[in-house]
Number of protein chains: 2
Amino acid sequence: MLTINVSDLSPAQLQNYLHYAIAPRPICLATTIDQAGNVNLSPFSFFNLFSTNPPVCVFSPSRRVRDNTSKHTIENILEVKECVINIVNYDMVQQVSLSSTDYAKGINEFEKAGFTMLPSELVKPPRVAEAPVQMECVVTQVIHMGDKPGAGNLVLAEIKRIHINEAILDEEGKIDQVKIDLVARLGGDWYCRVTPENLFKVAKPLTTLGIGVDALPRGVRNSYVLTGNDLGMLGNIEKIPAEEEIDLVRHLPSVKEVMDATIGDAINRQRELHELAKEMLRQGDCMNALKVVLLES
Amino acid sequence: MLTINVSDLSPAQLQNYLHYAIAPRPICLATTIDQAGNVNLSPFSFFNLFSTNPPVCVFSPSRRVRDNTSKHTIENILEVKECVINIVNYDMVQQVSLSSTDYAKGINEFEKAGFTMLPSELVKPPRVAEAPVQMECVVTQVIHMGDKPGAGNLVLAEIKRIHINEAILDEEGKIDQVKIDLVARLGGDWYCRVTPENLFKVAKPLTTLGIGVDALPRGVRNSYVLTGNDLGMLGNIEKIPAEEEIDLVRHLPSVKEVMDATIGDAINRQRELHELAKEMLRQGDCMNALKVVLLES
């Protein structure tokens, strides 16, 4: 392991490690307005949902590392305590990047980035028409992290009204995770796009409590074949099956084949049973996988 | 657009929309400890980096929507104001999910999930040995969002020491965005994995200020061929080239071909020039793309 004291790094070095490690970060394209009515649009990846009741997002227009100046977004929010949080999809990403340019105060980044202003209904800052989801928010609190270059300013924004482009909804009227086509920020110039190829599901843990990896026999926990992910799936099963149930798994053709081929060869038998269980887990058949690994242990 | 007042939704409906829209969310696998020394481990996706100087992460162990109880993590943090934030990669994801099970207080989720405890150096809660990055943190502030089911508790954690598995570093000793193999949370049971296939780069906007999409001629902005992403790339160029420079692009064989094939056919000429520019943008040749779209406009 490389061990680093944060205080031993330059701000740029520290920022580099943190941007690459704490990722992918969702993107908030925030619209704000000053008292004179000048609109500002800027993207932030120090952003997330933090509460659903009340529904609260937090984003951070940090002090610039380059010259320790404040961003127009935070100046506007201190004048008019409202914002619209626009969600960013793949089709918008180049324009969103352009909107992060440091144009002078009073310049409307909607025009520079080529986005369309859409009036909000409850708050003064306009929405981005191109965004698949637009959330009208009231800013309830701002927390300053300091006055050094890179210091964050937490903006707590309570969501009041949500607008969703119907093209991203499924038949039940819920958001379709593929259709919304989200992007996120990582380190350096990296972004990632959420596609069917990189989406996967993990069944939520049981409310009835899984047996835990610690309930598996040592030979299973220390298997050279089974990975941490395999053990995690086995540990999520509700209870260890009874001896008789375990024994019944011997009748499965795939199990019978391993048993017949490894008579008198305990080491290879265990290895092959673990490989069979691994394949069963891959196919979602967790219970038979557990029975198989418990057979000879 | 579907427009929804937040107050018209049930907590579960609202949570569903927000979890699918504000994503992908990075995952914090947080280790905490109570005054008696009982260790707790639990994952949170209401988490992000919010400041780099001081380096501050925020995560939110919310009140449970199911029964409005508090999580052990927040109880522990109120007793011992320290935590370790462990970063989650693909190989850990099933065990991380298992560690989110509501085991009784005092049960160590390291054992249930099959993770290895590694002593920290500055704080009491242990690290997760399997995590590619482990950050020892001091909790500086906790902000409660309310007492209803789903109410967040913002935990502001200042990072003091960072441990990085050297296997994820590149030749320069920086984190390799592919090797770290991050995963993130989305709506429902969805996760996504960051892979070379879904990573892409967007060059940071110029510090010298791009011309902006509004500086492009109307015929370019309203093109049926060029997308918002294409316009964003064109608007990020520093200045409109001089007439003579634009004219020189006619000598490129690909441009010459279009001009020769579309004499006296202004509409098809513009369309074909835009398609050529689009291809140039795809190949990263933004300046020639700009010259091509400016040729006949």
# chains A, B, ... in the order shown; residues from 1 in each chain; ligands from 1
call {"tool": "interface_residues", "arguments": {"of": "chain B", "to": "chain A", "cutoff": "6 Å", "atoms": "only C-alpha atoms", "output": "VMD selection string"}}
result
chain B and resid 1 to 6 15 23 to 24 26 46 49 to 53 60 92 94 to 95 98 101 111 to 114 150 to 152 160 to 166 189 to 193 198 to 203 205 212 to 214 229 232
call {"tool": "select_by_dssp", "arguments": {"residues": "region 117-289 of chain A", "states": "helix (DSSP H, G or I)", "output": "ChimeraX atom specification"}}
result
/A:166-168,213-215,218-221,228-235,243-251,253-261,266-282,286-289
call {"tool": "select_by_dssp", "arguments": {"residues": "region 48-226 of chain A", "states": "strand (DSSP E or B)", "output": "ChimeraX atom specification"}}
result
/A:48-52,55-59,82-87,89,117-118,127-128,133-144,153-164,169,175,182-185,190-193,199-201
call {"tool": "residues_around", "arguments": {"residues": "Glu82 (chain A)", "least_positions_apart": "3", "cutoff": "7 Å", "atoms": "only C-alpha atoms", "output": "PyMOL selection string"}}
result
chain A and resi 32+77+123+137-139
call {"tool": "write_last_selection", "arguments": {"atoms": "all heavy atoms", "output": "JSON list (two decimals), in the first residue's frame"}}
result
[["chain", "number", "residue", "atom", "x", "y", "z"],
["A", 32, "THR", "N", -28.57, 29.46, -11.79],
["A", 32, "THR", "CA", -28.79, 30.42, -10.70],
["A", 32, "THR", "C", -29.02, 31.79, -11.34],
["A", 32, "THR", "O", -28.85, 31.97, -12.55],
["A", 32, "THR", "CB", -27.58, 30.49, -9.76],
["A", 32, "THR", "OG1", -26.41, 30.81, -10.53],
["A", 32, "THR", "CG2", -27.36, 29.17, -9.03],
["A", 77, "ILE", "N", -26.21, 32.50, -5.50],
["A", 77, "ILE", "CA", -27.02, 31.80, -4.50],
["A", 77, "ILE", "C", -27.09, 32.60, -3.21],
["A", 77, "ILE", "O", -28.12, 32.59, -2.51],
["A", 77, "ILE", "CB", -26.48, 30.37, -4.29],
["A", 77, "ILE", "CG1", -27.02, 29.48, -5.41],
["A", 77, "ILE", "CG2", -26.85, 29.82, -2.91],
["A", 77, "ILE", "CD1", -26.45, 28.11, -5.45],
["A", 123, "VAL", "N", -39.50, 28.91, -9.11],
["A", 123, "VAL", "CA", -38.29, 29.68, -8.76],
["A", 123, "VAL", "C", -37.88, 30.57, -9.95],
["A", 123, "VAL", "O", -38.35, 30.38, -11.07],
["A", 123, "VAL", "CB", -37.12, 28.73, -8.38],
["A", 123, "VAL", "CG1", -37.49, 27.89, -7.17],
["A", 123, "VAL", "CG2", -36.70, 27.84, -9.56],
["A", 137, "CYS", "N", -35.46, 24.07, -7.14],
["A", 137, "CYS", "CA", -35.02, 23.92, -5.74],
["A", 137, "CYS", "C", -34.97, 25.25, -5.01],
["A", 137, "CYS", "O", -34.68, 26.29, -5.61],
["A", 137, "CYS", "CB", -33.61, 23.34, -5.69],
["A", 137, "CYS", "SG", -33.41, 21.75, -6.49],
["A", 138, "VAL", "N", -35.17, 25.18, -3.69],
["A", 138, "VAL", "CA", -34.94, 26.30, -2.79],
["A", 138, "VAL", "C", -33.69, 25.98, -1.97],
["A", 138, "VAL", "O", -33.56, 24.86, -1.46],
["A", 138, "VAL", "CB", -36.17, 26.50, -1.87],
["A", 138, "VAL", "CG1", -35.87, 27.49, -0.76],
["A", 138, "VAL", "CG2", -37.36, 26.96, -2.71],
["A", 139, "VAL", "N", -32.77, 26.93, -1.89],
["A", 139, "VAL", "CA", -31.54, 26.71, -1.13],
["A", 139, "VAL", "C", -31.82, 26.98, 0.34],
["A", 139, "VAL", "O", -32.27, 28.07, 0.70],
["A", 139, "VAL", "CB", -30.40, 27.62, -1.66],
["A", 139, "VAL", "CG1", -29.17, 27.52, -0.76],
["A", 139, "VAL", "CG2", -30.06, 27.25, -3.11]]
call {"tool": "residues_around", "arguments": {"residues": "Val258 (chain A)", "least_positions_apart": "4", "cutoff": "10 Å", "atoms": "only C-alpha atoms", "output": "ChimeraX atom specification"}}
result
/A:250,253-254,262-263,268-273,276
